[in-house]
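*Asks:* This one is final.txt, compact mmCIF, C-alpha atoms.
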# COMPACT_ATOMS: atom_id res chain seq x y z
CA MET A 311 24.36 -1.85 19.26
CA THR A 312 24.46 -3.54 22.64
CA GLU A 313 24.05 -0.39 24.66
CA VAL A 314 20.65 -0.11 26.29
CA LYS A 315 18.50 2.64 24.81
CA LYS A 316 15.97 4.53 26.89
CA GLU A 317 12.50 3.09 26.30
CA GLN A 318 9.82 5.46 25.09
CA THR A 319 6.09 5.03 25.29
CA THR A 320 5.80 4.93 21.51
CA THR A 321 8.28 2.13 20.86
CA HIS A 322 7.24 -1.50 20.63
CA LYS A 323 9.05 -4.79 20.99
CA ILE A 324 10.76 -6.04 17.85
CA GLY A 325 8.88 -9.35 18.11
CA ILE A 326 5.55 -7.84 17.05
CA TYR A 327 7.07 -6.43 13.85
CA LEU A 328 8.74 -9.72 12.99
CA TRP A 329 5.50 -11.62 13.59
CA ILE A 330 3.49 -9.30 11.36
CA TRP A 331 6.25 -9.44 8.76
CA GLY A 332 6.16 -13.24 8.74
CA LEU A 333 2.37 -13.28 8.60
CA LEU A 334 2.43 -10.96 5.57
CA PHE A 335 4.81 -13.34 3.80
CA VAL A 336 2.61 -16.32 4.57
CA LEU A 337 -0.58 -14.54 3.48
CA SER A 338 1.07 -13.36 0.25
CA PHE A 339 2.19 -16.92 -0.40
CA PHE A 340 -1.36 -18.17 0.14
CA SER A 341 -2.85 -15.57 -2.20
CA TYR A 342 -0.28 -16.58 -4.83
CA MET A 343 -1.32 -20.19 -4.32
CA VAL A 344 -4.89 -19.19 -5.19
CA ASP A 345 -3.60 -18.47 -8.70
CA TRP A 346 -1.15 -21.39 -8.75
CA TYR A 347 -3.87 -23.99 -8.10
CA ASN A 348 -6.13 -22.11 -10.51
CA PHE A 349 -9.17 -21.85 -8.26
CA GLN A 350 -12.07 -20.32 -10.19
CA GLY A 351 -15.36 -18.60 -9.53
CA LEU A 352 -16.66 -17.62 -6.12
CA LEU A 353 -13.98 -19.58 -4.24
CA ARG A 354 -11.19 -17.66 -6.05
CA TRP A 355 -12.75 -14.26 -5.44
CA SER A 356 -13.58 -14.85 -1.79
CA LEU A 357 -10.09 -16.20 -1.07
CA ILE A 358 -8.44 -13.23 -2.85
CA LEU A 359 -10.56 -10.76 -0.88
CA PHE A 360 -9.98 -12.60 2.40
CA PHE A 361 -6.17 -12.56 2.10
CA MET A 362 -6.23 -9.00 0.75
CA PHE A 363 -8.18 -7.59 3.67
CA LEU A 364 -6.11 -9.54 6.20
CA LYS A 365 -2.87 -8.18 4.71
CA ALA A 366 -4.20 -4.63 4.46
CA GLY A 367 -5.49 -4.79 8.02
CA LEU A 368 -2.18 -6.06 9.41
CA ILE A 369 -0.17 -3.39 7.57
CA MET A 370 -2.45 -0.58 8.73
CA ALA A 371 -2.88 -1.78 12.29
CA PHE A 372 0.73 -2.61 13.15
CA PHE A 373 3.15 -1.30 10.52
CA MET A 374 1.28 2.01 10.33
CA HIS A 375 0.62 1.94 14.09
CA LEU A 376 -3.13 2.56 13.81
CA PHE A 377 -3.71 -0.09 16.48
CA TRP A 378 -1.97 2.17 19.01
CA GLU A 379 -3.48 5.47 17.84
CA ARG A 380 -6.35 7.23 19.54
CA TYR A 381 -9.84 6.81 18.11
CA ALA A 382 -9.96 10.44 16.91
CA LEU A 383 -7.36 9.63 14.23
CA VAL A 384 -8.50 6.07 13.52
CA ASN A 385 -12.09 7.11 12.84
CA VAL A 386 -11.10 10.04 10.63
CA LEU A 387 -9.34 7.46 8.43
CA LEU A 388 -11.67 4.48 8.53
CA TRP A 389 -15.05 6.13 7.85
CA PRO A 390 -14.06 7.66 4.50
CA MET A 391 -12.69 4.23 3.56
CA THR A 392 -16.07 2.73 4.46
CA ALA A 393 -17.66 5.26 2.12
CA ILE A 394 -15.31 4.05 -0.63
CA ALA A 395 -16.48 0.49 0.01
CA CYS A 396 -20.09 1.67 -0.52
CA PHE A 397 -18.98 3.34 -3.77
CA VAL A 398 -17.43 0.05 -4.91
CA GLY A 399 -20.73 -1.71 -4.22
CA LEU A 400 -22.65 0.88 -6.26
CA MET A 401 -20.26 0.54 -9.19
CA VAL A 402 -20.50 -3.28 -9.15
CA ALA A 403 -24.25 -2.96 -9.62
CA GLU A 404 -23.72 -0.32 -12.31
CA GLY A 405 -21.24 -2.51 -14.19
CA LYS A 406 -23.67 -5.42 -14.22
CA TYR A 407 -26.37 -3.15 -15.57
CA THR A 408 -24.06 -1.83 -18.32
CA VAL A 409 -23.04 -5.25 -19.58
CA PHE A 410 -26.65 -6.40 -19.41
CA SER A 411 -27.89 -3.51 -21.54
CA ARG A 412 -24.99 -3.92 -24.01
CA LEU A 413 -25.75 -7.59 -24.54
CA PHE A 414 -29.50 -7.01 -24.53
CA TYR A 415 -29.43 -4.41 -27.31
CA PHE A 416 -26.83 -6.45 -29.22
CA PHE A 417 -29.05 -9.51 -29.38
CA VAL A 418 -32.52 -8.01 -29.23
CA GLY A 419 -31.81 -4.72 -31.03
CA GLY A 420 -32.86 -1.19 -30.15
CA ALA A 421 -36.07 0.49 -31.06
CA MET B 847 3.48 16.83 22.95
CA SER B 848 5.80 16.13 25.80
CA ASP B 849 3.63 17.72 28.48
CA LEU B 850 0.63 15.68 27.41
CA ASN B 851 -0.08 12.51 29.37
CA LEU B 852 -2.05 10.34 26.98
CA ASP B 853 -2.51 7.57 29.52
CA LYS B 854 -4.68 9.84 31.66
CA LEU B 855 -7.09 10.59 28.78
CA PRO B 856 -10.09 8.30 28.28
CA GLY B 857 -9.82 5.90 25.34
CA GLY B 858 -12.29 4.55 22.81
CA PHE B 859 -15.24 6.49 21.46
CA LYS B 860 -15.60 8.46 24.71
CA GLY B 861 -12.02 9.61 24.28
CA MET B 862 -12.72 10.47 20.67
CA SER B 863 -15.66 12.71 21.50
CA GLU B 864 -13.65 14.40 24.26
CA ASP B 865 -10.67 14.89 21.93
CA ILE B 866 -12.84 16.47 19.25
CA GLY B 867 -14.82 18.55 21.77
CA SER B 868 -11.78 19.68 23.75
CA ASP B 869 -11.43 23.01 21.90
CA GLN B 870 -7.77 22.07 21.54
CA THR B 871 -5.71 19.83 19.28
CA THR B 872 -7.97 17.05 17.98
CA PHE B 873 -5.25 14.48 17.30
CA LYS B 874 -3.67 14.38 20.72
CA GLY B 875 -0.13 13.09 20.89
CA VAL B 876 0.12 13.08 17.10
CA ASN B 877 2.86 15.16 15.50
CA TRP B 878 1.40 17.68 13.03
CA GLY B 879 3.51 16.27 10.21
CA LYS B 880 2.20 12.80 10.93
CA ALA B 881 -1.40 14.02 10.89
CA MET B 882 -0.78 15.79 7.59
CA MET B 883 0.78 12.67 6.11
CA TRP B 884 -2.31 10.69 7.12
CA ILE B 885 -4.59 13.27 5.50
CA PHE B 886 -2.47 13.13 2.34
CA LEU B 887 -2.57 9.34 2.33
CA LEU B 888 -6.34 9.43 2.73
CA SER B 889 -6.65 11.67 -0.32
CA ASP B 890 -4.25 9.37 -2.17
CA THR B 891 -6.50 6.48 -1.19
CA PHE B 892 -9.34 8.26 -2.98
CA VAL B 893 -7.24 8.64 -6.15
CA PHE B 894 -6.20 4.99 -6.19
CA SER B 895 -9.76 3.91 -5.37
CA CYS B 896 -11.06 5.90 -8.33
CA PHE B 897 -8.60 4.14 -10.64
CA LEU B 898 -9.41 0.70 -9.28
CA VAL B 899 -13.17 1.29 -9.25
CA ALA B 900 -13.04 2.58 -12.85
CA TYR B 901 -11.02 -0.49 -13.83
CA MET B 902 -13.46 -2.79 -12.06
CA LYS B 903 -16.46 -1.10 -13.64
CA VAL B 904 -15.00 -1.32 -17.16
CA ARG B 905 -13.87 -4.91 -16.67
CA ALA B 906 -17.34 -5.86 -15.47
CA SER B 907 -19.06 -4.21 -18.42
CA VAL B 908 -16.92 -5.12 -21.46
CA VAL B 909 -18.50 -7.67 -23.81
CA GLU B 910 -15.15 -9.04 -25.03
CA PRO B 911 -13.26 -11.40 -22.71
CA TRP B 912 -10.80 -9.65 -20.37
CA PRO B 913 -7.16 -10.82 -20.81
CA TYR B 914 -6.45 -13.54 -18.26
CA PRO B 915 -3.70 -12.00 -16.09
CA SER B 916 -2.39 -15.38 -14.99
CA GLU B 917 -1.33 -16.05 -18.59
CA VAL B 918 -0.51 -12.48 -19.62
CA PHE B 919 1.97 -12.07 -16.76
CA ALA B 920 3.44 -15.57 -16.93
CA LEU B 921 7.19 -15.90 -17.37
CA GLU B 922 8.95 -18.73 -19.21
CA MET B 923 11.25 -20.56 -16.82
CA PHE B 924 13.20 -23.48 -18.39
CA GLY B 925 10.61 -23.71 -21.15
CA VAL B 926 7.66 -23.87 -18.72
CA PRO B 927 5.36 -20.84 -18.29
CA VAL B 928 5.14 -19.99 -14.59
CA PRO B 929 2.05 -17.86 -13.83
CA LEU B 930 2.62 -14.45 -12.23
CA LEU B 931 6.21 -15.31 -11.31
CA LEU B 932 7.61 -11.79 -11.59
CA ILE B 933 4.56 -10.30 -9.84
CA ALA B 934 4.97 -12.73 -6.94
CA ILE B 935 8.65 -11.79 -6.57
CA MET B 936 7.75 -8.08 -6.75
CA THR B 937 5.16 -8.61 -4.01
CA PHE B 938 7.71 -10.31 -1.77
CA VAL B 939 10.30 -7.61 -2.41
CA LEU B 940 7.83 -4.88 -1.50
CA ILE B 941 6.71 -6.67 1.68
CA THR B 942 10.34 -7.18 2.63
CA SER B 943 11.01 -3.46 2.21
CA SER B 944 7.89 -2.70 4.25
CA GLY B 945 9.23 -4.86 7.04
CA THR B 946 12.65 -3.19 6.99
CA MET B 947 10.88 0.20 7.09
CA ALA B 948 8.90 -0.88 10.16
CA LEU B 949 12.18 -1.78 11.86
CA ALA B 950 13.71 1.53 10.77
CA VAL B 951 10.80 3.35 12.44
CA LYS B 952 11.27 1.25 15.57
CA TYR B 953 15.00 2.06 15.77
CA GLY B 954 14.19 5.69 14.98
CA TYR B 955 11.96 5.83 18.06
CA GLU B 956 14.82 4.41 20.08
CA LYS B 957 17.16 7.03 18.60
CA ASN B 958 19.42 4.23 17.39
CA ARG B 959 21.10 6.17 14.59
CA LYS B 960 23.09 3.44 12.86
CA MET B 961 20.44 0.70 12.84
CA CYS B 962 17.81 3.19 11.73
CA GLY B 963 20.02 4.41 8.88
CA TRP B 964 20.88 0.91 7.68
CA PHE B 965 17.25 -0.15 7.64
CA VAL B 966 16.17 3.00 5.77
CA LEU B 967 18.93 2.30 3.23
CA LEU B 968 17.82 -1.34 2.95
CA THR B 969 14.25 -0.19 2.34
CA ALA B 970 15.45 2.16 -0.40
CA ILE B 971 17.33 -0.68 -2.10
CA GLY B 972 14.24 -2.89 -1.89
CA GLY B 973 12.13 -0.16 -3.47
CA LEU B 974 14.71 0.33 -6.20
CA THR B 975 14.63 -3.42 -6.94
CA PHE B 976 10.84 -3.22 -7.20
CA VAL B 977 10.98 -0.32 -9.67
CA GLY B 978 13.60 -2.16 -11.72
CA MET B 979 11.43 -5.26 -11.95
CA GLN B 980 8.45 -3.14 -12.90
CA ALA B 981 10.49 -1.55 -15.72
CA PHE B 982 11.31 -5.08 -16.92
CA GLU B 983 7.64 -6.05 -16.74
CA TRP B 984 6.57 -2.97 -18.71
CA SER B 985 9.20 -3.41 -21.41
CA LYS B 986 8.25 -7.08 -21.84
CA LEU B 987 4.58 -6.17 -22.27
CA ILE B 988 5.30 -3.25 -24.60
CA PHE B 989 8.07 -4.64 -26.83
CA HIS B 990 7.51 -8.39 -26.66
CA ASP B 991 3.73 -8.72 -26.36
CA GLY B 992 2.74 -5.48 -28.11
CA VAL B 993 0.39 -4.22 -25.38
CA ARG B 994 -0.71 -0.63 -26.01
CA PRO B 995 -3.14 1.64 -24.12
CA TRP B 996 -5.52 1.34 -27.11
CA GLY B 997 -5.24 -2.37 -27.79
CA ASN B 998 -3.51 -5.68 -27.11
CA PRO B 999 -3.40 -9.17 -28.62
CA PHE B 1000 -5.07 -10.86 -25.62
CA GLY B 1001 -8.62 -9.51 -25.47
CA ALA B 1002 -10.52 -6.43 -24.33
CA GLU B 1003 -8.81 -3.28 -25.61
CA GLN B 1004 -9.14 -1.36 -22.34
CA PHE B 1005 -6.70 -3.70 -20.59
CA GLY B 1006 -3.57 -1.77 -21.61
CA ALA B 1007 -4.92 1.63 -20.61
CA PHE B 1008 -5.80 0.46 -17.12
CA PHE B 1009 -2.63 -1.55 -16.69
CA PHE B 1010 -0.32 1.34 -17.56
CA MET B 1011 -2.40 3.87 -15.62
CA ILE B 1012 -2.69 1.91 -12.37
CA THR B 1013 0.74 0.28 -12.19
CA GLY B 1014 2.33 3.45 -13.57
CA PHE B 1015 0.77 5.62 -10.89
CA HIS B 1016 1.82 3.13 -8.24
CA GLY B 1017 5.33 2.91 -9.70
CA THR B 1018 5.56 6.71 -9.57
CA HIS B 1019 4.74 6.57 -5.87
CA VAL B 1020 7.41 3.93 -5.32
CA SER B 1021 10.00 5.97 -7.25
CA ILE B 1022 9.27 9.12 -5.25
CA GLY B 1023 9.46 7.04 -2.08
CA VAL B 1024 12.85 5.61 -3.10
CA ILE B 1025 14.23 9.12 -3.70
CA PHE B 1026 13.07 10.25 -0.27
CA LEU B 1027 14.37 7.07 1.37
CA PHE B 1028 17.86 7.71 0.00
CA ILE B 1029 17.71 11.36 1.11
CA PHE B 1030 16.58 10.35 4.58
CA ALA B 1031 19.15 7.55 4.86
CA ARG B 1032 21.80 10.23 4.33
CA LYS B 1033 20.11 12.49 6.88
CA VAL B 1034 19.99 9.71 9.48
CA PHE B 1035 23.63 8.70 9.00
CA ARG B 1036 24.71 12.36 9.13
CA GLY B 1037 22.99 12.58 12.51
CA ASP B 1038 20.47 15.26 11.56
CA PHE B 1039 17.86 13.77 13.85
CA ASP B 1040 20.22 13.56 16.82
CA THR B 1041 21.58 17.09 16.53
CA GLY B 1042 18.30 18.60 15.39
CA ARG B 1043 19.99 20.07 12.33
CA ARG B 1044 17.66 22.31 10.39
CA GLY B 1045 16.41 21.10 7.00
CA TYR B 1046 17.10 22.59 3.59
CA PHE B 1047 13.56 23.78 2.96
CA THR B 1048 12.61 24.59 6.54
CA THR B 1049 13.94 26.28 9.61
CA MET B 1050 12.40 23.62 11.85
CA LYS B 1051 14.62 21.19 13.71
CA SER B 1052 14.88 17.66 12.38
CA ASP B 1053 13.45 14.89 14.53
CA TYR B 1054 13.17 11.12 14.32
CA VAL B 1055 9.41 11.51 13.87
CA ALA B 1056 10.29 12.25 10.23
CA ILE B 1057 11.27 8.59 9.89
CA GLU B 1058 7.84 7.54 11.12
CA ILE B 1059 6.17 9.91 8.64
CA LEU B 1060 8.32 8.52 5.82
CA GLY B 1061 7.42 5.05 7.06
CA LEU B 1062 3.70 5.83 6.83
CA TYR B 1063 4.15 6.80 3.18
CA TRP B 1064 6.17 3.68 2.42
CA HIS B 1065 3.70 1.33 4.11
CA PHE B 1066 0.93 3.01 2.15
CA VAL B 1067 2.74 2.21 -1.10
CA ASP B 1068 2.87 -1.42 0.03
CA LEU B 1069 -0.80 -1.24 1.04
CA VAL B 1070 -1.83 -0.04 -2.41
CA TRP B 1071 0.17 -2.86 -3.98
CA VAL B 1072 -1.83 -5.36 -1.88
CA PHE B 1073 -5.00 -4.09 -3.55
CA ILE B 1074 -3.47 -3.91 -7.06
CA PHE B 1075 -2.10 -7.43 -6.65
CA ALA B 1076 -5.54 -8.71 -5.63
CA PHE B 1077 -7.70 -6.85 -8.11
CA PHE B 1078 -5.48 -6.55 -11.16
CA TYR B 1079 -3.22 -9.59 -11.13
CA LEU B 1080 -5.12 -12.27 -9.23
CA TRP B 1081 -8.77 -11.52 -10.04
Let me see whether you can do it: turn the structure in this file into structure tokens.
*Replies:*
Amino acid sequence: MTEVKKEQTTTHKIGIYLWIWGLLFVLSFFSYMVDWYNFQGLLRWSLILFFMFLKAGLIMAFFMHLFWERYALVNVLLWPMTAIACFVGLMVAEGKYTVFSRLFYFFVGGA
Amino acid sequence: MSDLNLDKLPGGFKGMSEDIGSDQTTFKGVNWGKAMMWIFLLSDTFVFSCFLVAYMKVRASVVEPWPYPSEVFALEMFGVPVPLLLIAIMTFVLITSSGTMALAVKYGYEKNRKMCGWFVLLTAIGGLTFVGMQAFEWSKLIFHDGVRPWGNPFGAEQFGAFFFMITGFHGTHVSIGVIFLFIFARKVFRGDFDTGRRGYFTTMKSDYVAIEILGLYWHFVDLVWVFIFAFFYLW
């Protein structure tokens, strides 16, 4: 494999892949540590989300090459995902309402 | 694609509006197969999001306590329960296979047949390991702990249904990916992408861009696992 291959515009140096690879390992290790040290409550959730989004972003940007794609493709992908995030927010509110009304009618009783 | 000089086109949002308004190909410099794979992955994102949102909504609204995944998925090692041990190993295996796939794509671009083939094969073996560990995880939960889609000994009854649905759907994706990885490892080693040999289902010539398209799918499987790991196992 020592022969020199012709460089193309779409190929990238191996270093960037190895860096991202290493970062993904480190981030996964950190998110496992969140469970290992048994963090609870808001700290646990925010740390989980932080490491999750970092990992997802690194995979999409570099492993899936979105960082090097033109905006026409990137935006077609990212805006629907933003819509999903809004949907998640709606359903969080809905879930809170459901558990509230279940508990309310359990303890207070219906009409 | 070859006659298109992407460097001369404007970038950013200006480039985007010109690409869309060019009355020509919108995704300039993007192979049609790659664009179609992205569209498929986007629709797959919707499916997985629906599963995860439904799971989140149910978990947020059950009155019974939700089974604590840290204890449910703990493994006994030398008499000590280690939380999420198998899941952590599965995560590392999948990330490893994602990394080897990224290298396979890189060597595919460089038309380095042997390195590309070995890394595709390595990725397939990593995926196979993942599926094997998932089968072990499932059989432990089903036969040892008695988890069923309609009930389990740990808490809220819906746990089993969501666990089998979400990890099962993801495992199906991994299995399909492994099959394709083995097929494409053979194709790479045979030199299909160097000679432009025509495929079995198509009269089109094979090209190394197929490795990138396969890579997109495989990275997506890893991407979904990142979300499942966060929301199902860690939360």
*Asks:* Pull out every residue of chain B that has at least one atom within 6 Å of chain A, counting all atoms listed in the file, and report them as a list in words.
*Replies:*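 The complete set of qualifying residues is Gly858, Met862, Lys903, Ala906, Ser907, Gly945, Ala948, Tyr955, Leu1062 and Leu1069 of chain B.
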*Asks:* Which is closest to Thr946 of chain B among B:Ile933, B:Leu968, B:Asp1040, B:Val926, if we use all atoms listed in the file?
*Replies:*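 Counting all atoms listed in the file, the residue closest to Thr946 of chain B is B:Leu968.
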*Asks:* Have a look at atom CA of Leu1060 of chain B and atom CA of Phe1073 of chain B and let me know their distance in Å, one decimal.
*Replies:*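 Those two atoms sit 20.6 Å apart.
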*Asks:* Dig up all the protein and nucleic acid residues within 12 Å of (-5.2, 0.8, -16.6) in the file frame, using only C-alpha atoms, and format them as number ranges by chain.
*Replies:* B: 894, 896-905, 993-997, 1002-1016, 1074, 1077-1079
